[in-house]
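A.B. asks: This is the structure I have questions about; it appears just below.
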Amino acid sequence: MLVSSHLQTQPSCVDSSKPEIDYDVVIVGGGIVGATLACGLKDSGLKVTIIESQPPEAAIGRRQAYALTLQTGRILKQIGVWDEILAKITTFYQISLSDSDYPNVVKFLPQDLGTNELGYVGEHGVLLSAMYDFLEHCPNVSWQCPAILKTVNYYSDFVEIEIEKEGNSQRFCSRIVVAADGAKSQLREEAEIKTHGWKYWQSCIAMTIKTEKFHQNVAFERFWPSGPMGVLPLPGNRCQVVWTAPHAEAQALKELEETEFLKLLEYRTGGLLGKLELLSDRYVYPVQLMQSDRYIQHRLALVGDAAHCCHPVGGQGLNMGIRDAGALVEVLKTADHNQEDIGQEKILKRYENWRQKENLIVLGLTDFLDRSFSGDWIPKVKIRRLGLGILKKVKVLRYLALRLMTGLIGRAPKIAL
């Protein structure tokens, strides 16, 4: 994909310097975050199109599951997609936090927060299918799919976009383009927006398992010297496991004979789930922390992994992206309602000021957890186990920790209120 990020003086797709605007918002990337943004703009009066390189069935077919926070549930409910999603995912009522096989386990319960539940676990296909079905009934949203983004030129009053679809080149103009195209965002790179962060010494092994014992709607986070392990409950006596380990160890775990791997996994889960069965391949991917220096530029906004990436401990990544989408929906709808130009940098700065700082807090928290609860240096082990003991005894600390984990700290988009 070739993207021209500098501000152009003359448009190339039209003769007039003020062309007819085909769309108000062009979203590059039809994944969960991009689809959430489109769903949120359904009643905005803004004309939206989504550019997605994969056919819908390929995008939906990704085998992955996510922890969803209470705030995410509220955002999706206000958008109008939550009821269909909730019936097909798991609600969990307890979070169990432990340090390897140390017996002092911290159990977070709804009464610690004053809510009826603590979160949810949803599979990728369930979430995206519901959003795609919803968008079929949104007359102001259209698709360019499958399509390849070729060029983007930014002008003072509009953005000119060229795509290749079904072997043909198409051009159209928009008031703003949104990068929802992932951690390797070409829109971000060609706009020369720099990022800061680092790649961890760890990779994650993700898989779906069938459990002998019922998971009891409990989400587990077990910390081991090699890294954290998350076990998320799914419908039908299934769980999603995200096992973090140093790169070489993660690759070895992927290649380990299945029977031996399951024995080790049963030990790592403390036998709480009984005998285990693999239902999917073991998928290995590296993890990184990344924060973009800017979330916006003239007529460009970054959302989700295009703007930031975090360690998977605590399952915050997708939730941050959905909150980005909710915040951008509010900023764009409010600006358009006030007859402001939604693509102007001063308007988009409202979104950046809102989300960049809040995301930085989550990035710092996940990094702190991974570094604090990885490794077997004796003083560090003693300190973290002391911390778990304090957390177990002091209710106000559990309350504050849950506020962070459930996304209830920080400014909520109006669509979530």
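Chain labels run A, B, ... following the order of the structure tokens; each chain numbers its residues from 1, and ligands are numbered from 1 in the order shown.
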Can you list, as a PyMOL selection string, all residues belonging to region 59-278 of chain A that DSSP tags as alpha helix (DSSP H)?
C.D. replies: chain A and resi 59-60+70-79+82-86+110-113+124-135+186-190+247-255+258-268
A.B. asks: Within 7 Å of Ile79 (chain A), counting only C-alpha atoms, which residues qualify if same-chain residues fewer than 3 places away don't, as a list of chain:residue names?
C.D. replies: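 My list of contacting residues is A:Cys39, A:Gly40, A:Ile75, A:Leu76, A:Ile415.
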A.B. asks: Emit the selected residues as a compact mmCIF listing (two decimals), in the first residue's frame, including N, CA, C and O atoms.
C.D. replies:
# COMPACT_ATOMS: atom_id res chain seq x y z
N CYS A 39 -20.45 0.98 13.62
CA CYS A 39 -21.74 0.75 14.30
C CYS A 39 -22.13 1.97 15.14
O CYS A 39 -23.30 2.35 15.19
N GLY A 40 -21.15 2.57 15.81
CA GLY A 40 -21.43 3.72 16.66
C GLY A 40 -21.88 4.95 15.89
O GLY A 40 -22.52 5.84 16.45
N ILE A 75 -20.55 0.09 26.29
CA ILE A 75 -20.41 0.76 25.00
C ILE A 75 -21.17 0.00 23.92
O ILE A 75 -21.94 0.58 23.15
N LEU A 76 -20.97 -1.31 23.86
CA LEU A 76 -21.63 -2.11 22.82
C LEU A 76 -23.14 -2.16 23.02
O LEU A 76 -23.90 -2.26 22.05
N ILE A 415 -21.95 7.43 24.71
CA ILE A 415 -22.74 6.28 24.26
C ILE A 415 -22.71 5.15 25.26
O ILE A 415 -23.46 4.19 25.16
A.B. asks: I want to know what sits within 10 Å of Ala65 (chain A), based on only C-alpha atoms, with residues of the same chain fewer than 4 positions away left out; could you give that as a list in words?
C.D. replies: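 The contact residues come out as Ile89, Val121, Gly122, Glu123, His124, Gly125, Val126, Leu127, Ala206, Met207, Thr208, Leu232, Pro233, Leu234, Cys239, Gln240, Val241 and Val242 of chain A.
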A.B. asks: Under the rule that only C-alpha atoms are counted, which of A:Leu300, A:Leu262, A:Leu97, A:Leu391 is the nearest residue to Glu192 (chain A)?
C.D. replies: A:Leu300
A.B. asks: Might you pull out every residue within 12 Å of region 23-27 of chain A, with only C-alpha atoms counted and same-chain residues fewer than 6 positions away left off, and present them as an MDAnalysis selection string?
C.D. replies: chainID A and resid 33:39 41:42 44:53 140:145 149 152 157:163 171:181 187 299:303 325 328:329 332:333 336 341:343
A.B. asks: Tell me, as a list in words, which residues lie within 9 Å of Leu86 (chain A), counting only C-alpha atoms; anything in the same chain fewer than 3 positions away does not count.
C.D. replies: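 Result of the neighbour search: Gly73, Val81, Trp82, Asp83, Ile89, Thr90, Thr91, Tyr120 and Gly122 of chain A.
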A.B. asks: With a distance cut-off of 10 Å and only C-alpha atoms, select the neighbouring residues of region 381-385 of chain A, excluding the residue or stretch itself and same-chain residues fewer than 5 positions from it, and output the selection as a PyMOL selection string.
C.D. replies: chain A and resi 98-99+102+104-105+225+369+372-376+390-391
A.B. asks: Could you write out that same residue set with C-alpha atoms as a tab-separated table (two decimals), in the first residue's frame?
C.D. replies:
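And here is the file that came out, again_0.tsv:
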chain	number	residue	atom	x	y	z
A	98	SER	CA	-2.36	-16.32	41.94
A	99	ASP	CA	1.41	-16.57	41.79
A	102	TYR	CA	1.57	-20.35	45.86
A	104	ASN	CA	-2.53	-17.56	48.76
A	105	VAL	CA	-5.04	-16.91	45.96
A	225	PRO	CA	8.43	-17.07	36.51
A	369	LEU	CA	2.26	-6.55	36.11
A	372	SER	CA	6.62	-7.71	38.63
A	373	PHE	CA	5.14	-11.19	38.28
A	374	SER	CA	7.74	-12.66	35.92
A	375	GLY	CA	11.09	-13.98	37.10
A	376	ASP	CA	12.20	-15.99	40.10
A	390	ILE	CA	-2.35	-7.36	51.18
A	391	LEU	CA	-4.66	-7.26	48.17
A.B. asks: What is the CA of Arg74 (chain A)-CA of Gly407 (chain A) distance in Å, reported with one decimal?
C.D. replies: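 These atoms are spaced 10.3 Å apart.
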A.B. asks: Excluding Arg355 (chain A) and residues on its chain fewer than 3 positions from it, collect all residues at most 12 Å away from it, counting only C-alpha atoms, and give them as number ranges by chain.
C.D. replies: A: 291-292, 294-296, 301-304, 307-308, 320-328, 331, 348-352, 358-362, 410-413
A.B. asks: Okay, now the selection with N, CA, C and O atoms, as a compact mmCIF listing (two decimals), in the first residue's frame?
C.D. replies:
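Result file is out_7.txt:
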# COMPACT_ATOMS: atom_id res chain seq x y z
N GLN A 291 3.22 2.76 21.92
CA GLN A 291 2.36 3.93 22.03
C GLN A 291 2.74 4.92 20.93
O GLN A 291 3.91 5.27 20.78
N SER A 292 1.78 5.34 20.14
CA SER A 292 2.04 6.32 19.10
C SER A 292 2.24 7.70 19.71
O SER A 292 1.54 8.08 20.65
N ARG A 294 1.48 10.41 18.36
CA ARG A 294 0.25 11.14 18.09
C ARG A 294 -0.82 10.14 17.70
O ARG A 294 -0.54 9.12 17.08
N TYR A 295 -2.06 10.45 18.05
CA TYR A 295 -3.19 9.63 17.64
C TYR A 295 -3.92 10.25 16.45
O TYR A 295 -4.81 9.62 15.88
N ILE A 296 -3.53 11.48 16.13
CA ILE A 296 -4.24 12.19 15.06
C ILE A 296 -3.26 13.01 14.24
O ILE A 296 -2.14 13.28 14.63
N ALA A 301 -7.15 9.89 11.96
CA ALA A 301 -7.20 9.47 13.36
C ALA A 301 -6.81 7.99 13.44
O ALA A 301 -7.16 7.20 12.56
N LEU A 302 -6.08 7.64 14.49
CA LEU A 302 -5.67 6.25 14.73
C LEU A 302 -6.50 5.67 15.86
O LEU A 302 -6.72 6.33 16.88
N VAL A 303 -6.95 4.42 15.70
CA VAL A 303 -7.70 3.74 16.76
C VAL A 303 -7.15 2.32 16.93
O VAL A 303 -6.57 1.74 16.01
N GLY A 304 -7.34 1.77 18.12
CA GLY A 304 -6.95 0.39 18.37
C GLY A 304 -5.46 0.16 18.24
O GLY A 304 -4.65 1.01 18.60
N ALA A 307 -2.86 2.59 17.06
CA ALA A 307 -2.42 3.65 17.96
C ALA A 307 -1.58 3.14 19.12
O ALA A 307 -0.70 3.85 19.62
N HIS A 308 -1.82 1.89 19.55
CA HIS A 308 -1.16 1.38 20.76
C HIS A 308 -1.26 -0.14 20.81
O HIS A 308 -2.19 -0.74 20.27
N MET A 320 -9.22 -1.44 25.07
CA MET A 320 -8.70 -0.11 24.82
C MET A 320 -9.15 0.38 23.45
O MET A 320 -9.54 1.54 23.28
N GLY A 321 -9.09 -0.50 22.44
CA GLY A 321 -9.50 -0.12 21.10
C GLY A 321 -10.98 0.20 21.01
O GLY A 321 -11.38 1.15 20.31
N ILE A 322 -11.82 -0.55 21.70
CA ILE A 322 -13.26 -0.28 21.69
C ILE A 322 -13.56 1.05 22.38
O ILE A 322 -14.43 1.81 21.94
N ARG A 323 -12.82 1.36 23.43
CA ARG A 323 -13.00 2.67 24.06
C ARG A 323 -12.52 3.79 23.15
O ARG A 323 -13.10 4.88 23.14
N ASP A 324 -11.44 3.54 22.38
CA ASP A 324 -11.02 4.51 21.37
C ASP A 324 -12.17 4.80 20.41
O ASP A 324 -12.49 5.95 20.11
N ALA A 325 -12.78 3.72 19.91
CA ALA A 325 -13.87 3.87 18.94
C ALA A 325 -15.03 4.65 19.56
O ALA A 325 -15.60 5.54 18.92
N GLY A 326 -15.39 4.32 20.80
CA GLY A 326 -16.47 5.03 21.47
C GLY A 326 -16.18 6.50 21.64
O GLY A 326 -17.05 7.37 21.45
N ALA A 327 -14.93 6.82 22.01
CA ALA A 327 -14.54 8.21 22.19
C ALA A 327 -14.57 8.97 20.86
O ALA A 327 -15.05 10.11 20.79
N LEU A 328 -14.07 8.34 19.80
CA LEU A 328 -14.05 9.01 18.50
C LEU A 328 -15.47 9.22 17.98
O LEU A 328 -15.77 10.26 17.36
N VAL A 331 -16.72 12.35 19.71
CA VAL A 331 -16.08 13.56 19.20
C VAL A 331 -16.62 13.92 17.82
O VAL A 331 -16.96 15.09 17.56
N LEU A 348 -10.01 16.83 16.06
CA LEU A 348 -9.47 15.50 16.36
C LEU A 348 -8.58 15.51 17.59
O LEU A 348 -8.41 14.48 18.25
N LYS A 349 -8.03 16.68 17.92
CA LYS A 349 -7.19 16.79 19.12
C LYS A 349 -7.99 16.46 20.38
O LYS A 349 -7.44 15.98 21.37
N ARG A 350 -9.30 16.67 20.35
CA ARG A 350 -10.14 16.34 21.50
C ARG A 350 -10.11 14.84 21.76
O ARG A 350 -10.07 14.40 22.91
N TYR A 351 -10.14 14.08 20.68
CA TYR A 351 -10.03 12.61 20.81
C TYR A 351 -8.66 12.22 21.33
O TYR A 351 -8.55 11.40 22.26
N GLU A 352 -7.61 12.78 20.76
CA GLU A 352 -6.25 12.43 21.19
C GLU A 352 -6.02 12.77 22.66
O GLU A 352 -5.47 11.96 23.41
N GLU A 358 -5.23 8.18 28.84
CA GLU A 358 -5.87 7.04 29.50
C GLU A 358 -5.21 5.73 29.07
O GLU A 358 -5.01 4.82 29.89
N ASN A 359 -4.89 5.61 27.80
CA ASN A 359 -4.24 4.39 27.32
C ASN A 359 -2.85 4.23 27.92
O ASN A 359 -2.41 3.10 28.18
N LEU A 360 -2.17 5.34 28.13
CA LEU A 360 -0.83 5.27 28.72
C LEU A 360 -0.87 4.65 30.11
O LEU A 360 0.03 3.90 30.49
N ILE A 361 -1.92 4.95 30.87
CA ILE A 361 -2.07 4.36 32.21
C ILE A 361 -2.20 2.84 32.11
O ILE A 361 -1.55 2.09 32.85
N VAL A 362 -3.01 2.36 31.17
CA VAL A 362 -3.20 0.92 30.99
C VAL A 362 -1.90 0.27 30.50
O VAL A 362 -1.53 -0.82 30.96
N GLY A 410 -11.69 6.43 34.48
CA GLY A 410 -11.49 7.25 33.30
C GLY A 410 -12.81 7.75 32.73
O GLY A 410 -13.90 7.38 33.21
N ARG A 411 -12.71 8.57 31.72
CA ARG A 411 -13.88 9.17 31.10
C ARG A 411 -14.58 8.18 30.18
O ARG A 411 -13.95 7.58 29.32
N ALA A 412 -15.86 7.99 30.39
CA ALA A 412 -16.64 7.08 29.56
C ALA A 412 -17.29 7.84 28.42
O ALA A 412 -17.79 8.94 28.61
N PRO A 413 -17.28 7.27 27.21
CA PRO A 413 -18.02 7.92 26.11
C PRO A 413 -19.49 8.06 26.45
O PRO A 413 -20.05 7.24 27.18
A.B. asks: Quote the spacing between CA of Ser280 (chain A) and CA of Ala252 (chain A) in Å to one decimal place.
C.D. replies: 17.1 Å
A.B. asks: DSSP on the backbone, strand (DSSP E) only: what residues of region 74-258 of chain A does that give? Format it as a VMD selection string.
C.D. replies: chain A and resid 90 to 92 94 to 99 106 to 108 119 to 123 141 to 144 148 to 154 159 to 165 168 to 179 195 to 211 218 to 224 227 to 234 238 to 246
A.B. asks: Write a file of the just-selected residues containing C-alpha atoms, as a PDB file, in the first residue's frame.
C.D. replies:
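As a result, result-v3.pdb now contains:
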ATOM      1  CA  THR A  90     -19.626 -16.142  28.764  1.00  0.00           C
ATOM      2  CA  THR A  91     -20.194 -13.831  31.704  1.00  0.00           C
ATOM      3  CA  PHE A  92     -17.701 -14.385  34.510  1.00  0.00           C
ATOM      4  CA  GLN A  94     -14.953 -14.258  39.691  1.00  0.00           C
ATOM      5  CA  ILE A  95     -11.354 -13.412  38.852  1.00  0.00           C
ATOM      6  CA  SER A  96      -8.787 -15.674  40.488  1.00  0.00           C
ATOM      7  CA  LEU A  97      -5.286 -14.192  40.778  1.00  0.00           C
ATOM      8  CA  SER A  98      -2.363 -16.322  41.943  1.00  0.00           C
ATOM      9  CA  ASP A  99       1.411 -16.572  41.794  1.00  0.00           C
ATOM     10  CA  VAL A 106      -6.770 -13.537  45.555  1.00  0.00           C
ATOM     11  CA  LYS A 107     -10.413 -13.892  44.516  1.00  0.00           C
ATOM     12  CA  PHE A 108     -12.187 -10.854  43.097  1.00  0.00           C
ATOM     13  CA  GLY A 119     -16.673  -9.169  32.801  1.00  0.00           C
ATOM     14  CA  TYR A 120     -17.201 -11.330  29.767  1.00  0.00           C
ATOM     15  CA  VAL A 121     -15.325 -13.553  27.328  1.00  0.00           C
ATOM     16  CA  GLY A 122     -16.298 -13.406  23.676  1.00  0.00           C
ATOM     17  CA  GLU A 123     -15.007 -15.204  20.615  1.00  0.00           C
ATOM     18  CA  VAL A 141     -22.611   2.630   6.134  1.00  0.00           C
ATOM     19  CA  SER A 142     -21.206   0.918   3.040  1.00  0.00           C
ATOM     20  CA  TRP A 143     -18.374  -1.545   2.357  1.00  0.00           C
ATOM     21  CA  GLN A 144     -15.400  -1.658   0.045  1.00  0.00           C
ATOM     22  CA  ILE A 148      -6.808  -2.849  -1.284  1.00  0.00           C
ATOM     23  CA  LEU A 149      -5.959   0.699  -0.265  1.00  0.00           C
ATOM     24  CA  LYS A 150      -3.561   2.131  -2.841  1.00  0.00           C
ATOM     25  CA  THR A 151      -3.043   5.826  -2.109  1.00  0.00           C
ATOM     26  CA  VAL A 152      -4.260   8.487   0.290  1.00  0.00           C
ATOM     27  CA  ASN A 153      -3.699  12.180  -0.343  1.00  0.00           C
ATOM     28  CA  TYR A 154      -4.537  14.769   2.284  1.00  0.00           C
ATOM     29  CA  VAL A 159      -8.900  13.363   1.758  1.00  0.00           C
ATOM     30  CA  GLU A 160      -8.573  11.671  -1.620  1.00  0.00           C
ATOM     31  CA  ILE A 161      -8.472   7.871  -1.465  1.00  0.00           C
ATOM     32  CA  GLU A 162      -7.686   5.354  -4.173  1.00  0.00           C
ATOM     33  CA  ILE A 163      -8.514   1.655  -3.798  1.00  0.00           C
ATOM     34  CA  GLU A 164      -8.293  -1.415  -5.959  1.00  0.00           C
ATOM     35  CA  LYS A 165     -11.471  -3.474  -5.925  1.00  0.00           C
ATOM     36  CA  ASN A 168     -10.430  -1.979 -10.900  1.00  0.00           C
ATOM     37  CA  SER A 169      -9.132   1.296  -9.500  1.00  0.00           C
ATOM     38  CA  GLN A 170     -11.637   3.527  -7.710  1.00  0.00           C
ATOM     39  CA  ARG A 171     -11.209   6.987  -6.232  1.00  0.00           C
ATOM     40  CA  PHE A 172     -13.357   8.923  -3.801  1.00  0.00           C
ATOM     41  CA  CYS A 173     -13.114  11.804  -1.363  1.00  0.00           C
ATOM     42  CA  SER A 174     -13.793  11.945   2.376  1.00  0.00           C
ATOM     43  CA  ARG A 175     -13.703  14.440   5.202  1.00  0.00           C
ATOM     44  CA  ILE A 176     -11.607  12.121   7.394  1.00  0.00           C
ATOM     45  CA  VAL A 177      -9.850   8.746   7.224  1.00  0.00           C
ATOM     46  CA  VAL A 178      -9.548   6.509  10.306  1.00  0.00           C
ATOM     47  CA  ALA A 179      -6.715   4.001  10.643  1.00  0.00           C
ATOM     48  CA  THR A 195       5.878   5.239  17.988  1.00  0.00           C
ATOM     49  CA  HIS A 196       7.710   4.387  21.178  1.00  0.00           C
ATOM     50  CA  GLY A 197       7.870   1.145  23.120  1.00  0.00           C
ATOM     51  CA  TRP A 198       9.627  -2.189  23.066  1.00  0.00           C
ATOM     52  CA  LYS A 199       9.252  -5.812  22.175  1.00  0.00           C
ATOM     53  CA  TYR A 200       9.083  -8.128  25.156  1.00  0.00           C
ATOM     54  CA  TRP A 201      11.350 -11.115  25.702  1.00  0.00           C
ATOM     55  CA  GLN A 202       8.198 -13.208  25.605  1.00  0.00           C
ATOM     56  CA  SER A 203       5.740 -14.703  23.148  1.00  0.00           C
ATOM     57  CA  CYS A 204       2.211 -15.942  23.793  1.00  0.00           C
ATOM     58  CA  ILE A 205       0.851 -19.385  23.016  1.00  0.00           C
ATOM     59  CA  ALA A 206      -2.897 -19.152  22.480  1.00  0.00           C
ATOM     60  CA  MET A 207      -5.307 -22.060  22.155  1.00  0.00           C
ATOM     61  CA  THR A 208      -8.830 -23.250  22.914  1.00  0.00           C
ATOM     62  CA  ILE A 209      -9.268 -26.219  25.234  1.00  0.00           C
ATOM     63  CA  LYS A 210     -12.114 -28.434  26.408  1.00  0.00           C
ATOM     64  CA  THR A 211     -12.213 -29.007  30.156  1.00  0.00           C
ATOM     65  CA  VAL A 218     -14.154 -17.988  36.698  1.00  0.00           C
ATOM     66  CA  ALA A 219     -11.400 -16.105  34.856  1.00  0.00           C
ATOM     67  CA  PHE A 220      -7.941 -17.190  35.994  1.00  0.00           C
ATOM     68  CA  GLU A 221      -4.711 -15.209  35.865  1.00  0.00           C
ATOM     69  CA  ARG A 222      -1.781 -17.309  37.095  1.00  0.00           C
ATOM     70  CA  PHE A 223       1.690 -15.801  37.225  1.00  0.00           C
ATOM     71  CA  TRP A 224       4.722 -17.982  36.610  1.00  0.00           C
ATOM     72  CA  GLY A 227       5.291 -15.064  32.447  1.00  0.00           C
ATOM     73  CA  PRO A 228       1.547 -14.815  33.139  1.00  0.00           C
ATOM     74  CA  MET A 229      -1.063 -17.326  32.017  1.00  0.00           C
ATOM     75  CA  GLY A 230      -4.659 -16.278  31.427  1.00  0.00           C
ATOM     76  CA  VAL A 231      -7.471 -18.854  31.332  1.00  0.00           C
ATOM     77  CA  LEU A 232     -10.754 -17.404  30.109  1.00  0.00           C
ATOM     78  CA  PRO A 233     -14.090 -19.285  30.359  1.00  0.00           C
ATOM     79  CA  LEU A 234     -16.041 -19.937  27.157  1.00  0.00           C
ATOM     80  CA  ARG A 238     -14.306 -24.606  26.899  1.00  0.00           C
ATOM     81  CA  CYS A 239     -11.586 -22.106  27.785  1.00  0.00           C
ATOM     82  CA  GLN A 240      -9.270 -19.795  25.912  1.00  0.00           C
ATOM     83  CA  VAL A 241      -5.694 -20.039  27.206  1.00  0.00           C
ATOM     84  CA  VAL A 242      -3.061 -17.359  26.671  1.00  0.00           C
ATOM     85  CA  TRP A 243       0.260 -18.698  27.988  1.00  0.00           C
ATOM     86  CA  THR A 244       3.215 -16.280  28.077  1.00  0.00           C
ATOM     87  CA  ALA A 245       6.782 -17.579  27.996  1.00  0.00           C
ATOM     88  CA  PRO A 246      10.230 -16.551  26.652  1.00  0.00           C
TER      89      PRO A 246
END
